[in-house]
$ cat entry07.cif   # mmCIF, C-alpha atoms
data_input
loop_
_atom_site.label_atom_id
_atom_site.label_comp_id
_atom_site.auth_asym_id
_atom_site.auth_seq_id
_atom_site.Cartn_x
_atom_site.Cartn_y
_atom_site.Cartn_z
CA MET A 1 0.00 0.00 0.00
CA THR A 2 2.71 2.48 -0.87
CA ALA A 3 3.15 3.47 -4.48
CA LYS A 4 0.18 5.47 -5.73
CA GLU A 5 0.34 3.81 -9.14
CA ASN A 6 -0.42 0.46 -7.53
CA LEU A 7 -3.76 1.68 -6.32
CA LYS A 8 -5.65 0.86 -9.42
CA GLN A 9 -8.92 -1.03 -9.06
CA THR A 10 -8.48 -4.79 -8.91
CA PRO A 11 -9.87 -6.03 -12.23
CA SER A 12 -13.17 -7.86 -12.33
CA GLN A 13 -13.21 -11.51 -13.42
CA THR A 14 -16.09 -13.77 -14.33
CA VAL A 15 -17.87 -15.59 -11.52
CA GLY A 16 -17.40 -18.73 -13.64
CA PRO A 17 -19.65 -21.79 -13.80
CA TYR A 18 -18.84 -23.19 -10.35
CA PHE A 19 -19.93 -20.45 -7.94
CA SER A 20 -22.77 -22.45 -6.46
CA TYR A 21 -21.05 -23.94 -3.41
CA GLY A 22 -19.28 -20.66 -2.69
CA LEU A 23 -22.14 -18.17 -3.08
CA THR A 24 -25.37 -20.18 -2.97
CA PRO A 25 -24.48 -23.51 -1.33
CA GLU A 26 -27.80 -24.18 0.40
CA GLN A 27 -29.84 -23.52 -2.72
CA TYR A 28 -27.72 -26.07 -4.62
CA GLY A 29 -27.73 -28.67 -1.85
CA TYR A 30 -24.25 -28.22 -0.39
CA ASN A 31 -23.84 -28.50 3.34
CA TYR A 32 -22.74 -24.90 3.96
CA LYS A 33 -24.79 -21.96 5.14
CA GLN A 34 -25.16 -19.11 2.66
CA VAL A 35 -25.15 -15.48 3.73
CA ALA A 36 -28.19 -14.53 1.67
CA ASP A 37 -30.83 -16.46 -0.21
CA ASN A 38 -33.95 -15.89 -2.28
CA ASN A 39 -36.19 -15.12 0.69
CA LEU A 40 -35.77 -11.51 1.79
CA ALA A 41 -39.19 -11.23 3.38
CA GLU A 42 -38.76 -13.25 6.56
CA ALA A 43 -38.17 -10.47 9.02
CA ASP A 44 -40.09 -7.53 7.60
CA GLY A 45 -42.89 -6.40 9.84
CA GLY A 46 -44.96 -4.83 7.12
CA GLY A 47 -45.36 -4.22 3.46
CA GLU A 48 -46.72 -6.20 0.58
CA ARG A 49 -45.21 -9.63 0.07
CA ILE A 50 -44.27 -10.22 -3.54
CA THR A 51 -42.52 -12.84 -5.64
CA ILE A 52 -40.25 -11.82 -8.49
CA ARG A 53 -39.90 -14.52 -11.09
CA GLY A 54 -38.09 -14.69 -14.37
CA GLN A 55 -35.36 -16.08 -16.57
CA VAL A 56 -32.06 -14.86 -17.93
CA PHE A 57 -31.48 -15.11 -21.69
CA ASP A 58 -28.27 -15.05 -23.71
CA GLY A 59 -27.74 -13.57 -27.17
CA ASN A 60 -29.27 -16.66 -28.82
CA GLY A 61 -32.41 -16.33 -26.73
CA GLU A 62 -31.48 -19.42 -24.71
CA THR A 63 -32.01 -19.53 -20.98
CA VAL A 64 -28.89 -19.15 -18.84
CA ARG A 65 -28.61 -21.91 -16.25
CA ASP A 66 -25.49 -20.66 -14.49
CA ALA A 67 -26.26 -17.06 -13.61
CA VAL A 68 -26.47 -15.71 -10.08
CA LEU A 69 -28.50 -12.60 -9.29
CA GLU A 70 -28.30 -10.32 -6.29
CA LEU A 71 -30.98 -7.91 -5.12
CA TRP A 72 -30.51 -4.79 -3.04
CA GLN A 73 -33.58 -2.87 -1.97
CA ALA A 74 -35.20 -0.60 0.56
CA ASP A 75 -37.88 -1.82 2.96
CA SER A 76 -41.59 -1.14 2.59
CA GLN A 77 -41.05 2.36 3.98
CA GLY A 78 -38.28 3.13 1.53
CA ARG A 79 -35.43 2.82 4.01
CA TYR A 80 -32.17 0.97 3.48
CA ALA A 81 -30.62 -1.17 6.21
CA HIS A 82 -27.31 0.65 5.95
CA PRO A 83 -25.60 3.35 8.03
CA ALA A 84 -25.65 5.79 5.08
CA ASP A 85 -29.45 5.85 5.33
CA LEU A 86 -29.80 8.38 8.13
CA ARG A 87 -33.50 7.88 8.79
CA GLY A 88 -33.15 5.38 11.58
CA SER A 89 -33.41 2.49 9.21
CA ASN A 90 -30.22 0.78 10.22
CA THR A 91 -32.04 -2.19 11.59
CA GLY A 92 -29.29 -4.68 10.77
CA LEU A 93 -29.71 -8.16 9.48
CA ALA A 94 -30.60 -9.66 12.81
CA LYS A 95 -33.32 -7.17 13.68
CA GLY A 96 -35.13 -6.26 10.54
CA PHE A 97 -35.36 -6.34 6.82
CA GLY A 98 -31.85 -6.72 5.43
CA GLY A 99 -32.82 -5.95 1.87
CA PHE A 100 -30.23 -8.22 0.25
CA GLY A 101 -30.96 -11.42 -1.63
CA ARG A 102 -29.13 -13.86 -3.84
CA VAL A 103 -30.33 -16.62 -6.16
CA GLY A 104 -28.83 -18.84 -8.85
CA THR A 105 -30.70 -19.90 -11.99
CA GLY A 106 -29.61 -23.53 -11.86
CA THR A 107 -32.11 -25.26 -9.59
CA LEU A 108 -35.63 -24.62 -10.99
CA PRO A 109 -37.06 -26.19 -14.18
CA GLY A 110 -36.69 -23.80 -17.10
CA HIS A 111 -33.82 -22.08 -15.30
CA TYR A 112 -36.21 -19.72 -13.58
CA PHE A 113 -35.26 -17.64 -10.60
CA GLU A 114 -37.72 -16.79 -7.86
CA LEU A 115 -37.24 -14.18 -5.18
CA HIS A 116 -39.62 -13.68 -2.28
CA THR A 117 -39.51 -10.20 -0.86
CA ILE A 118 -41.39 -7.10 0.18
CA LYS A 119 -42.33 -4.47 -2.33
CA PRO A 120 -40.00 -1.54 -1.59
CA GLY A 121 -41.43 1.86 -0.79
CA PRO A 122 -40.26 5.07 -2.46
CA ILE A 123 -37.04 6.25 -0.83
CA GLY A 124 -38.25 9.83 -0.86
CA ASP A 125 -35.94 11.51 -3.34
CA GLY A 126 -38.30 11.47 -6.31
CA GLN A 127 -37.34 8.03 -7.51
CA ALA A 128 -40.04 5.46 -8.14
CA PRO A 129 -39.89 2.28 -6.06
CA HIS A 130 -37.14 0.08 -7.46
CA ILE A 131 -34.74 -2.74 -6.67
CA THR A 132 -31.08 -2.80 -7.69
CA VAL A 133 -30.12 -6.06 -9.40
CA VAL A 134 -26.57 -7.33 -9.88
CA VAL A 135 -26.03 -10.02 -12.51
CA PHE A 136 -23.13 -12.47 -12.60
CA MET A 137 -22.52 -15.46 -14.88
CA ARG A 138 -19.94 -17.48 -16.73
CA GLY A 139 -18.95 -15.45 -19.78
CA LEU A 140 -19.78 -12.15 -18.10
CA LEU A 141 -16.47 -10.46 -17.33
CA ASN A 142 -17.93 -7.56 -15.34
CA HIS A 143 -21.01 -7.89 -13.16
CA ALA A 144 -23.94 -6.00 -14.66
CA TYR A 145 -26.27 -3.66 -12.77
CA THR A 146 -29.88 -3.18 -13.64
CA ARG A 147 -33.05 -2.13 -11.82
CA ILE A 148 -36.48 -3.60 -11.31
CA TYR A 149 -39.35 -1.09 -11.47
CA PHE A 150 -42.99 -2.06 -11.00
CA SER A 151 -45.78 -2.01 -13.60
CA ASP A 152 -48.36 -0.82 -11.05
CA GLU A 153 -46.31 2.31 -10.30
CA ALA A 154 -46.92 3.96 -13.66
CA VAL A 155 -47.28 7.48 -12.26
CA ALA A 156 -44.13 7.22 -10.16
CA ASN A 157 -42.24 5.66 -13.04
CA GLU A 158 -43.14 8.64 -15.25
CA GLY A 159 -41.37 10.95 -12.81
CA ASP A 160 -38.38 8.73 -12.10
CA PRO A 161 -35.06 10.51 -12.80
CA ALA A 162 -33.21 7.29 -13.63
CA LEU A 163 -35.82 6.09 -16.11
CA ALA A 164 -35.70 9.57 -17.63
CA LEU A 165 -32.12 8.78 -18.71
CA VAL A 166 -33.30 5.69 -20.60
CA ASN A 167 -34.73 5.67 -24.09
CA ARG A 168 -38.47 5.15 -23.72
CA SER A 169 -38.38 2.19 -26.12
CA ARG A 170 -36.27 0.29 -23.57
CA TRP A 171 -38.34 0.98 -20.44
CA ASP A 172 -40.10 -2.37 -20.74
CA THR A 173 -36.81 -4.14 -19.99
CA LEU A 174 -36.77 -2.49 -16.54
CA ILE A 175 -40.42 -2.81 -15.50
CA ALA A 176 -41.58 -6.01 -13.82
CA ARG A 177 -45.10 -6.98 -14.85
CA ARG A 178 -47.52 -7.54 -11.99
CA GLN A 179 -49.63 -10.67 -12.12
CA ASP A 180 -52.11 -11.08 -9.28
CA SER A 181 -53.08 -14.70 -8.93
CA GLY A 182 -55.04 -15.50 -5.82
CA SER A 183 -53.17 -14.50 -2.69
CA VAL A 184 -49.78 -14.43 -4.35
CA VAL A 185 -48.47 -11.34 -6.10
CA VAL A 186 -45.96 -12.31 -8.77
CA TYR A 187 -43.92 -9.86 -10.80
CA GLN A 188 -42.47 -11.23 -14.02
CA PHE A 189 -39.00 -9.88 -14.77
CA ASP A 190 -36.71 -11.36 -17.41
CA ILE A 191 -33.15 -10.32 -18.13
CA HIS A 192 -31.88 -10.32 -21.71
CA MET A 193 -28.12 -9.99 -21.97
CA GLN A 194 -28.30 -9.11 -25.67
CA GLY A 195 -30.66 -8.79 -28.64
CA ASP A 196 -33.66 -6.61 -29.47
CA GLN A 197 -34.86 -6.76 -25.89
CA GLU A 198 -31.42 -6.29 -24.30
CA THR A 199 -31.95 -5.21 -20.71
CA VAL A 200 -30.80 -1.73 -19.82
CA PHE A 201 -27.65 -2.09 -17.74
CA PHE A 202 -26.43 0.77 -15.59
CA ASP A 203 -23.16 2.13 -14.37
CA ALA A 204 -23.01 4.57 -11.47
CA MET B 1 -23.92 14.03 10.61
CA SER B 2 -21.77 13.08 7.69
CA VAL B 3 -23.34 12.50 4.33
CA PRO B 4 -21.61 9.76 2.35
CA SER B 5 -19.68 10.99 -0.63
CA ALA B 6 -20.08 9.40 -4.00
CA PHE B 7 -17.87 6.58 -5.18
CA THR B 8 -15.30 6.91 -7.92
CA PRO B 9 -16.48 5.26 -11.14
CA ARG B 10 -15.59 1.78 -12.25
CA ASP B 11 -12.18 2.16 -13.87
CA TRP B 12 -12.72 0.70 -17.31
CA SER B 13 -9.00 0.96 -18.03
CA SER B 14 -8.50 -1.72 -15.40
CA HIS B 15 -11.48 -4.02 -16.00
CA PRO B 16 -11.91 -6.36 -18.96
CA PRO B 17 -14.14 -5.43 -21.91
CA GLN B 18 -17.73 -6.70 -21.91
CA ILE B 19 -16.93 -9.06 -24.76
CA TYR B 20 -13.52 -10.68 -25.24
CA PRO B 21 -13.96 -13.12 -28.15
CA GLU B 22 -11.01 -15.35 -27.18
CA TYR B 23 -13.08 -16.29 -24.12
CA LYS B 24 -15.83 -17.95 -26.04
CA SER B 25 -18.64 -17.61 -23.53
CA THR B 26 -18.51 -13.81 -23.73
CA PRO B 27 -19.82 -13.06 -27.25
CA LEU B 28 -23.36 -14.20 -26.39
CA ARG B 29 -23.41 -13.01 -22.78
CA GLY B 30 -21.69 -9.64 -22.49
CA PRO B 31 -23.94 -6.58 -22.86
CA THR B 32 -23.63 -4.96 -26.29
CA LYS B 33 -25.32 -1.61 -25.65
CA PRO B 34 -23.59 1.20 -23.74
CA LEU B 35 -24.22 1.26 -20.01
CA VAL B 36 -26.56 4.04 -18.88
CA VAL B 37 -24.73 6.13 -16.30
CA LEU B 38 -26.83 6.97 -13.24
CA PRO B 39 -26.22 9.58 -10.58
CA GLN B 40 -25.39 7.95 -7.24
CA THR B 41 -28.50 8.06 -5.07
CA LEU B 42 -29.10 6.38 -1.74
CA SER B 43 -29.69 3.18 -3.74
CA GLU B 44 -26.08 3.31 -4.93
CA LEU B 45 -24.51 4.64 -1.71
CA THR B 46 -25.80 1.75 0.39
CA GLY B 47 -25.31 -1.99 0.30
CA PRO B 48 -25.53 -5.13 2.39
CA VAL B 49 -23.66 -5.03 5.70
CA TYR B 50 -22.02 -8.24 6.90
CA GLY B 51 -19.85 -8.10 9.99
CA GLN B 52 -17.86 -10.64 11.97
CA ASP B 53 -21.10 -12.37 12.95
CA ALA B 54 -21.58 -13.43 9.32
CA VAL B 55 -18.73 -15.95 9.50
CA GLY B 56 -18.23 -19.09 11.54
CA PRO B 57 -15.03 -19.93 13.43
CA LEU B 58 -13.72 -22.30 10.71
CA ASP B 59 -14.98 -20.43 7.67
CA HIS B 60 -11.52 -18.96 6.98
CA ASP B 61 -9.80 -22.36 7.16
CA LEU B 62 -10.76 -24.38 4.10
CA THR B 63 -8.51 -27.23 5.23
CA LYS B 64 -10.74 -27.80 8.27
CA LEU B 65 -14.15 -26.46 7.30
CA ALA B 66 -15.27 -29.55 5.38
CA ALA B 67 -12.80 -32.12 6.72
CA LYS B 68 -14.44 -35.50 7.43
CA ASN B 69 -11.67 -37.89 8.39
CA GLY B 70 -8.38 -36.09 7.89
CA GLU B 71 -6.51 -33.32 6.16
CA PRO B 72 -7.21 -32.54 2.52
CA ASN B 73 -4.57 -33.53 -0.02
CA GLY B 74 -2.25 -30.98 -1.51
CA GLU B 75 -0.03 -28.09 -0.59
CA ARG B 76 -1.33 -26.14 2.42
CA ILE B 77 -1.07 -22.38 1.85
CA ILE B 78 -1.97 -19.14 3.59
CA VAL B 79 -3.64 -16.44 1.49
CA SER B 80 -3.74 -13.03 3.09
CA GLY B 81 -3.84 -9.37 2.18
CA VAL B 82 -5.37 -5.96 2.67
CA VAL B 83 -8.60 -4.71 1.13
CA SER B 84 -8.37 -0.99 0.49
CA ASP B 85 -9.85 1.61 -1.80
CA GLU B 86 -8.06 3.50 -4.56
CA ASP B 87 -6.83 6.09 -2.08
CA GLY B 88 -5.22 3.45 0.10
CA ARG B 89 -7.89 3.65 2.80
CA ALA B 90 -8.47 0.29 4.42
CA VAL B 91 -11.89 -1.31 3.93
CA PRO B 92 -12.68 -2.77 7.36
CA ASN B 93 -15.42 -5.26 8.25
CA THR B 94 -16.18 -6.34 4.74
CA LEU B 95 -17.11 -9.87 3.74
CA LEU B 96 -14.96 -11.97 1.42
CA GLU B 97 -16.28 -15.21 -0.04
CA VAL B 98 -13.90 -17.57 -1.83
CA TRP B 99 -14.24 -20.79 -3.80
CA GLN B 100 -11.77 -22.96 -5.67
CA PRO B 101 -11.05 -26.48 -6.95
CA ASN B 102 -9.04 -28.96 -4.91
CA ALA B 103 -5.36 -29.79 -5.35
CA ALA B 104 -6.19 -32.08 -8.27
CA GLY B 105 -8.06 -29.34 -10.14
CA ARG B 106 -11.54 -30.67 -9.39
CA TYR B 107 -14.44 -28.52 -8.19
CA ILE B 108 -16.96 -30.17 -5.96
CA HIS B 109 -19.71 -28.63 -8.10
CA THR B 110 -21.72 -31.41 -9.74
CA ASP B 111 -21.32 -29.75 -13.16
CA ASP B 112 -17.57 -30.30 -13.03
CA GLN B 113 -16.93 -33.63 -14.74
CA HIS B 114 -13.15 -33.30 -15.02
CA ASP B 115 -11.62 -36.77 -14.50
CA ALA B 116 -9.72 -35.90 -11.34
CA PRO B 117 -10.47 -37.12 -7.83
CA ILE B 118 -12.86 -35.44 -5.41
CA ASP B 119 -11.20 -34.90 -2.05
CA PRO B 120 -13.54 -36.06 0.74
CA ASN B 121 -11.91 -33.60 3.13
CA PHE B 122 -12.13 -30.52 0.95
CA MET B 123 -15.09 -28.51 -0.27
CA GLY B 124 -13.21 -25.44 -1.45
CA ALA B 125 -15.51 -22.68 -0.18
CA GLY B 126 -14.80 -20.27 2.64
CA ARG B 127 -15.41 -16.79 4.02
CA CYS B 128 -13.88 -14.18 6.20
CA VAL B 129 -14.43 -10.57 7.19
CA THR B 130 -11.65 -7.98 7.08
CA ASP B 131 -10.44 -6.64 10.41
CA GLY B 132 -10.22 -2.97 11.38
CA ALA B 133 -7.14 -2.52 9.20
CA GLY B 134 -8.73 -4.15 6.16
CA CYS B 135 -6.74 -7.38 6.58
CA TYR B 136 -8.04 -10.83 5.76
CA ARG B 137 -6.47 -14.28 5.99
CA PHE B 138 -7.46 -17.70 4.64
CA ILE B 139 -5.85 -21.10 5.06
CA THR B 140 -6.41 -23.41 2.14
CA ILE B 141 -4.87 -25.86 -0.32
CA LYS B 142 -3.15 -24.65 -3.46
CA PRO B 143 -5.72 -25.24 -6.22
CA GLY B 144 -4.79 -27.38 -9.22
CA ALA B 145 -5.00 -26.46 -12.90
CA TYR B 146 -7.85 -28.02 -14.86
CA PRO B 147 -8.94 -28.36 -18.47
CA TRP B 148 -11.92 -26.47 -19.86
CA GLY B 149 -13.70 -26.48 -23.17
CA ASN B 150 -12.85 -23.01 -24.41
CA HIS B 151 -10.45 -24.27 -27.08
CA TYR B 152 -8.37 -27.37 -27.80
CA ASN B 153 -6.16 -28.28 -24.82
CA ALA B 154 -7.30 -25.23 -22.82
CA TRP B 155 -6.24 -25.26 -19.16
CA ARG B 156 -7.10 -22.72 -16.51
CA PRO B 157 -4.14 -21.49 -14.45
CA ASN B 158 -4.31 -22.13 -10.71
CA HIS B 159 -6.76 -19.64 -9.24
CA ILE B 160 -9.05 -18.85 -6.35
CA HIS B 161 -12.36 -17.03 -6.90
CA PHE B 162 -12.96 -14.02 -4.65
CA SER B 163 -16.21 -12.13 -3.99
CA LEU B 164 -16.21 -8.85 -2.03
CA PHE B 165 -18.77 -6.25 -1.03
CA GLY B 166 -17.04 -3.11 0.22
CA PRO B 167 -19.12 -0.24 1.60
CA SER B 168 -21.91 -0.23 -1.01
CA ILE B 169 -23.51 -2.33 -3.71
CA MET B 170 -21.50 -0.25 -6.20
CA THR B 171 -18.17 -1.37 -4.73
CA ARG B 172 -19.07 -5.02 -5.30
CA LEU B 173 -16.26 -7.03 -6.88
CA VAL B 174 -15.94 -10.61 -8.07
CA THR B 175 -12.47 -11.53 -9.23
CA GLN B 176 -9.90 -14.33 -9.37
CA MET B 177 -6.53 -14.57 -7.67
CA TYR B 178 -3.67 -16.23 -9.54
CA PHE B 179 -0.25 -17.51 -8.49
CA PRO B 180 3.15 -16.04 -9.39
CA GLY B 181 5.17 -17.67 -12.14
CA ASP B 182 2.31 -19.77 -13.50
CA PRO B 183 3.17 -20.52 -17.16
CA LEU B 184 -0.52 -21.01 -17.96
CA LEU B 185 -1.30 -17.35 -17.32
CA GLU B 186 -0.10 -16.11 -20.69
CA LEU B 187 -2.28 -18.73 -22.40
CA ASP B 188 -5.45 -17.97 -20.45
CA PRO B 189 -8.10 -15.85 -22.21
CA ILE B 190 -9.86 -14.97 -18.95
CA PHE B 191 -6.64 -13.53 -17.50
CA ASN B 192 -5.66 -11.97 -20.82
CA GLY B 193 -9.02 -10.24 -21.15
CA VAL B 194 -7.79 -7.83 -18.50
CA PRO B 195 -5.91 -4.79 -19.89
CA ALA B 196 -2.20 -5.63 -19.82
CA ALA B 197 -1.29 -2.88 -17.37
CA SER B 198 -3.65 -4.30 -14.73
CA ARG B 199 -3.10 -8.05 -15.11
CA GLN B 200 -0.45 -8.25 -12.43
CA LEU B 201 -2.98 -6.92 -9.90
CA LEU B 202 -4.58 -10.37 -10.10
CA VAL B 203 -1.35 -12.26 -9.37
CA SER B 204 -0.54 -12.92 -5.72
CA LYS B 205 3.01 -12.67 -4.40
CA LEU B 206 4.87 -15.33 -2.50
CA SER B 207 5.47 -13.90 0.97
CA ILE B 208 7.95 -15.39 3.40
CA LYS B 209 6.59 -12.97 5.98
CA LEU B 210 3.11 -14.50 5.71
CA SER B 211 4.51 -18.04 5.54
CA GLU B 212 4.68 -20.12 8.70
CA ALA B 213 7.90 -22.10 9.18
CA GLU B 214 7.53 -25.89 8.92
CA TRP B 215 3.86 -25.48 8.07
CA ALA B 216 2.63 -23.43 5.08
CA LEU B 217 3.76 -20.97 2.42
CA GLY B 218 2.04 -17.60 2.37
CA TYR B 219 0.73 -15.68 -0.61
CA GLU B 220 -0.12 -12.00 -0.43
CA PHE B 221 -3.09 -10.75 -2.44
CA ASN B 222 -4.16 -7.16 -1.89
CA ILE B 223 -7.48 -6.02 -3.31
CA ILE B 224 -8.37 -2.48 -4.38
CA LEU B 225 -12.02 -1.42 -4.49
CA ARG B 226 -13.59 1.77 -5.82
CA GLY B 227 -12.77 4.82 -3.70
CA ARG B 228 -14.65 7.91 -2.60
CA LYS B 229 -14.83 10.99 -4.79
CA SER B 230 -14.07 13.20 -1.80
CA THR B 231 -13.53 12.84 1.90
CA PRO B 232 -16.83 12.88 3.80
CA MET B 233 -17.38 15.87 6.07
CA GLU B 234 -16.79 14.97 9.70
CA ASN B 235 -18.82 16.34 12.59
#
$ encode --input "entry07.cif" --output "structure tokens"
Amino acid sequence: MTAKENLKQTPSQTVGPYFSYGLTPEQYGYNYKQVADNNLAEADGGGERITIRGQVFDGNGETVRDAVLELWQADSQGRYAHPADLRGSNTGLAKGFGGFGRVGTGTLPGHYFELHTIKPGPIGDGQAPHITVVVFMRGLLNHAYTRIYFSDEAVANEGDPALALVNRSRWDTLIARRQDSGSVVVYQFDIHMQGDQETVFFDA
Amino acid sequence: MSVPSAFTPRDWSSHPPQIYPEYKSTPLRGPTKPLVVLPQTLSELTGPVYGQDAVGPLDHDLTKLAAKNGEPNGERIIVSGVVSDEDGRAVPNTLLEVWQPNAAGRYIHTDDQHDAPIDPNFMGAGRCVTDGAGCYRFITIKPGAYPWGNHYNAWRPNHIHFSLFGPSIMTRLVTQMYFPGDPLLELDPIFNGVPAASRQLLVSKLSIKLSEAEWALGYEFNIILRGRKSTPMEN
């Protein structure tokens, strides 16, 4: 930690095909606890329980069976469980809604992912409710960031400053489609790495 | 109260391109459209917080974590280093997750069908959290090289996968650590996808200081995450 020229960001490398027992061991049946899974909703005291379900597609339109997705979101009141959120939301993982989830696409038929969470509230800065998604997979050299917005938040989405930076023709790639079926609220959200429907990926 | 300052951008002169055709899984998986650059809001300035309570007492020792009836085969090594940001500030209390094949070059993952033995005493996954000075330390077995289908007679150099969080979801990093003097490095399209000036940042250094006499060689691997654009205001 001396020479300034050494302090260049450590390069990203692909997560590779064999992340499962390191990042998502319980989901894949390995005897090792994972730090986060596809159920974010366990400890939240309020808010609407939702399931986010979808697939990841490559440039040939084929489903990706070795991707891992991470979710980072606010709670139902729009607060993040992090010290930088100064609104008393720092509930911590043990006490409240952690807001972080992780799921691989290799264990459900059709290479679907399913995440069970709470619909986030607006964080109060003019942004529509959204979830940050981080995508990793074999053949992806840098993890990709995208966002999930919600189809039943059309008014808020219209005023969202991040969506305003995106060509309108690509908004559909960021908006999860709500499907109420009985008592379960499912949002459909697919990720297309390439092609006509290529998901909008962000840098920040 | 201090308001968190924004993070420096991802340094695209240090990271690989989205598509590097020599690595044949990238042409159909890397994004092809330009990334849309967002301002950093609270969604970008926050991220999951995992402290010392996120790791078990053996999580940092891969030679013991999954042992059933003895020590795993292979060369025991110590892997240790400092996690800091681009300004040299230590990144304390951040979670590292690692995974690797065994000494024979075989991952325990069921998709790995390489004809090399599984080691009943080695899983190859582990975790630790950096201390107050940003230091971490793992004990493991030196991973073996293994063949992969990228091209005829393709072999991955010895490597350990690393996953880190840092202070926000934007400082997230997944990378691979390599070993010094490995002749496979110059043949490896995943390593070579990194701009030449930054490749050596992925290669650990043999460290006698980190080694323990009569027991294990030490390798130093320091990791640099995105920094802050400016120092946060104090008080």
$ closest_residue --input "entry07.cif" --among "B:Met177, B:Leu58, B:Leu28, B:Tyr146" --to "Asp115 in chain B" --atoms "only C-alpha atoms"
B:Tyr146
$ resolve_selection --input "entry07.cif" --expression "the PyMOL selection byres ((chain A and resi 99) around 8)" --output "number ranges by chain"
A: 40, 71-75, 80-81, 97-98, 100-101; B: 48
$ write_last_selection --input "entry07.cif" --atoms "C-alpha atoms" --output "PDB file, in the coordinates of the input"
ATOM      1  CA  LEU A  40     -35.770 -11.510   1.790  1.00  0.00           C
ATOM      2  CA  LEU A  71     -30.980  -7.910  -5.120  1.00  0.00           C
ATOM      3  CA  TRP A  72     -30.510  -4.790  -3.040  1.00  0.00           C
ATOM      4  CA  GLN A  73     -33.580  -2.870  -1.970  1.00  0.00           C
ATOM      5  CA  ALA A  74     -35.200  -0.600   0.560  1.00  0.00           C
ATOM      6  CA  ASP A  75     -37.880  -1.820   2.960  1.00  0.00           C
ATOM      7  CA  TYR A  80     -32.170   0.970   3.480  1.00  0.00           C
ATOM      8  CA  ALA A  81     -30.620  -1.170   6.210  1.00  0.00           C
ATOM      9  CA  PHE A  97     -35.360  -6.340   6.820  1.00  0.00           C
ATOM     10  CA  GLY A  98     -31.850  -6.720   5.430  1.00  0.00           C
ATOM     11  CA  PHE A 100     -30.230  -8.220   0.250  1.00  0.00           C
ATOM     12  CA  GLY A 101     -30.960 -11.420  -1.630  1.00  0.00           C
TER      13      GLY A 101
ATOM     14  CA  PRO B  48     -25.530  -5.130   2.390  1.00  0.00           C
TER      15      PRO B  48
END
$ resolve_selection --input "entry07.cif" --expression "the PyMOL selection byres ((chain B and resi 149) around 12)" --output "ChimeraX atom specification"
/B:23-25,112-114,146-148,150-156
$ interface_residues --input "entry07.cif" --of "chain A" --to "chain B" --cutoff "7 Å" --atoms "only C-alpha atoms" --output "PDB file with C-alpha atoms, in the coordinates of the input"
ATOM      1  CA  MET A   1       0.000   0.000   0.000  1.00  0.00           C
ATOM      2  CA  LEU A   7      -3.760   1.680  -6.320  1.00  0.00           C
ATOM      3  CA  LYS A   8      -5.650   0.860  -9.420  1.00  0.00           C
ATOM      4  CA  GLN A   9      -8.920  -1.030  -9.060  1.00  0.00           C
ATOM      5  CA  THR A  10      -8.480  -4.790  -8.910  1.00  0.00           C
ATOM      6  CA  PRO A  11      -9.870  -6.030 -12.230  1.00  0.00           C
ATOM      7  CA  SER A  12     -13.170  -7.860 -12.330  1.00  0.00           C
ATOM      8  CA  GLN A  13     -13.210 -11.510 -13.420  1.00  0.00           C
ATOM      9  CA  THR A  14     -16.090 -13.770 -14.330  1.00  0.00           C
ATOM     10  CA  VAL A  15     -17.870 -15.590 -11.520  1.00  0.00           C
ATOM     11  CA  TYR A  18     -18.840 -23.190 -10.350  1.00  0.00           C
ATOM     12  CA  TYR A  21     -21.050 -23.940  -3.410  1.00  0.00           C
ATOM     13  CA  GLY A  22     -19.280 -20.660  -2.690  1.00  0.00           C
ATOM     14  CA  VAL A  35     -25.150 -15.480   3.730  1.00  0.00           C
ATOM     15  CA  ASP A  58     -28.270 -15.050 -23.710  1.00  0.00           C
ATOM     16  CA  GLY A  59     -27.740 -13.570 -27.170  1.00  0.00           C
ATOM     17  CA  ASN A  60     -29.270 -16.660 -28.820  1.00  0.00           C
ATOM     18  CA  TRP A  72     -30.510  -4.790  -3.040  1.00  0.00           C
ATOM     19  CA  HIS A  82     -27.310   0.650   5.950  1.00  0.00           C
ATOM     20  CA  ALA A  84     -25.650   5.790   5.080  1.00  0.00           C
ATOM     21  CA  PHE A 100     -30.230  -8.220   0.250  1.00  0.00           C
ATOM     22  CA  ARG A 138     -19.940 -17.480 -16.730  1.00  0.00           C
ATOM     23  CA  GLY A 139     -18.950 -15.450 -19.780  1.00  0.00           C
ATOM     24  CA  LEU A 140     -19.780 -12.150 -18.100  1.00  0.00           C
ATOM     25  CA  LEU A 141     -16.470 -10.460 -17.330  1.00  0.00           C
ATOM     26  CA  ASN A 142     -17.930  -7.560 -15.340  1.00  0.00           C
ATOM     27  CA  ALA A 162     -33.210   7.290 -13.630  1.00  0.00           C
ATOM     28  CA  MET A 193     -28.120  -9.990 -21.970  1.00  0.00           C
ATOM     29  CA  GLN A 194     -28.300  -9.110 -25.670  1.00  0.00           C
ATOM     30  CA  PHE A 201     -27.650  -2.090 -17.740  1.00  0.00           C
ATOM     31  CA  PHE A 202     -26.430   0.770 -15.590  1.00  0.00           C
ATOM     32  CA  ASP A 203     -23.160   2.130 -14.370  1.00  0.00           C
ATOM     33  CA  ALA A 204     -23.010   4.570 -11.470  1.00  0.00           C
TER      34      ALA A 204
END
$ residues_around --input "entry07.cif" --residues "range 70-78 of chain B" --least-positions-apart "2" --cutoff "12 Å" --atoms "all atoms listed in the file" --output "JSON, numbers by chain"
{"B": [60, 61, 62, 63, 64, 65, 66, 67, 68, 80, 81, 101, 102, 103, 104, 105, 117, 118, 119, 120, 121, 122, 123, 124, 136, 137, 138, 139, 140, 141, 142, 143, 144, 160, 179, 204, 205, 206, 207, 208, 209, 210, 211, 212, 213, 214, 215, 216, 217, 218, 219, 220, 221]}
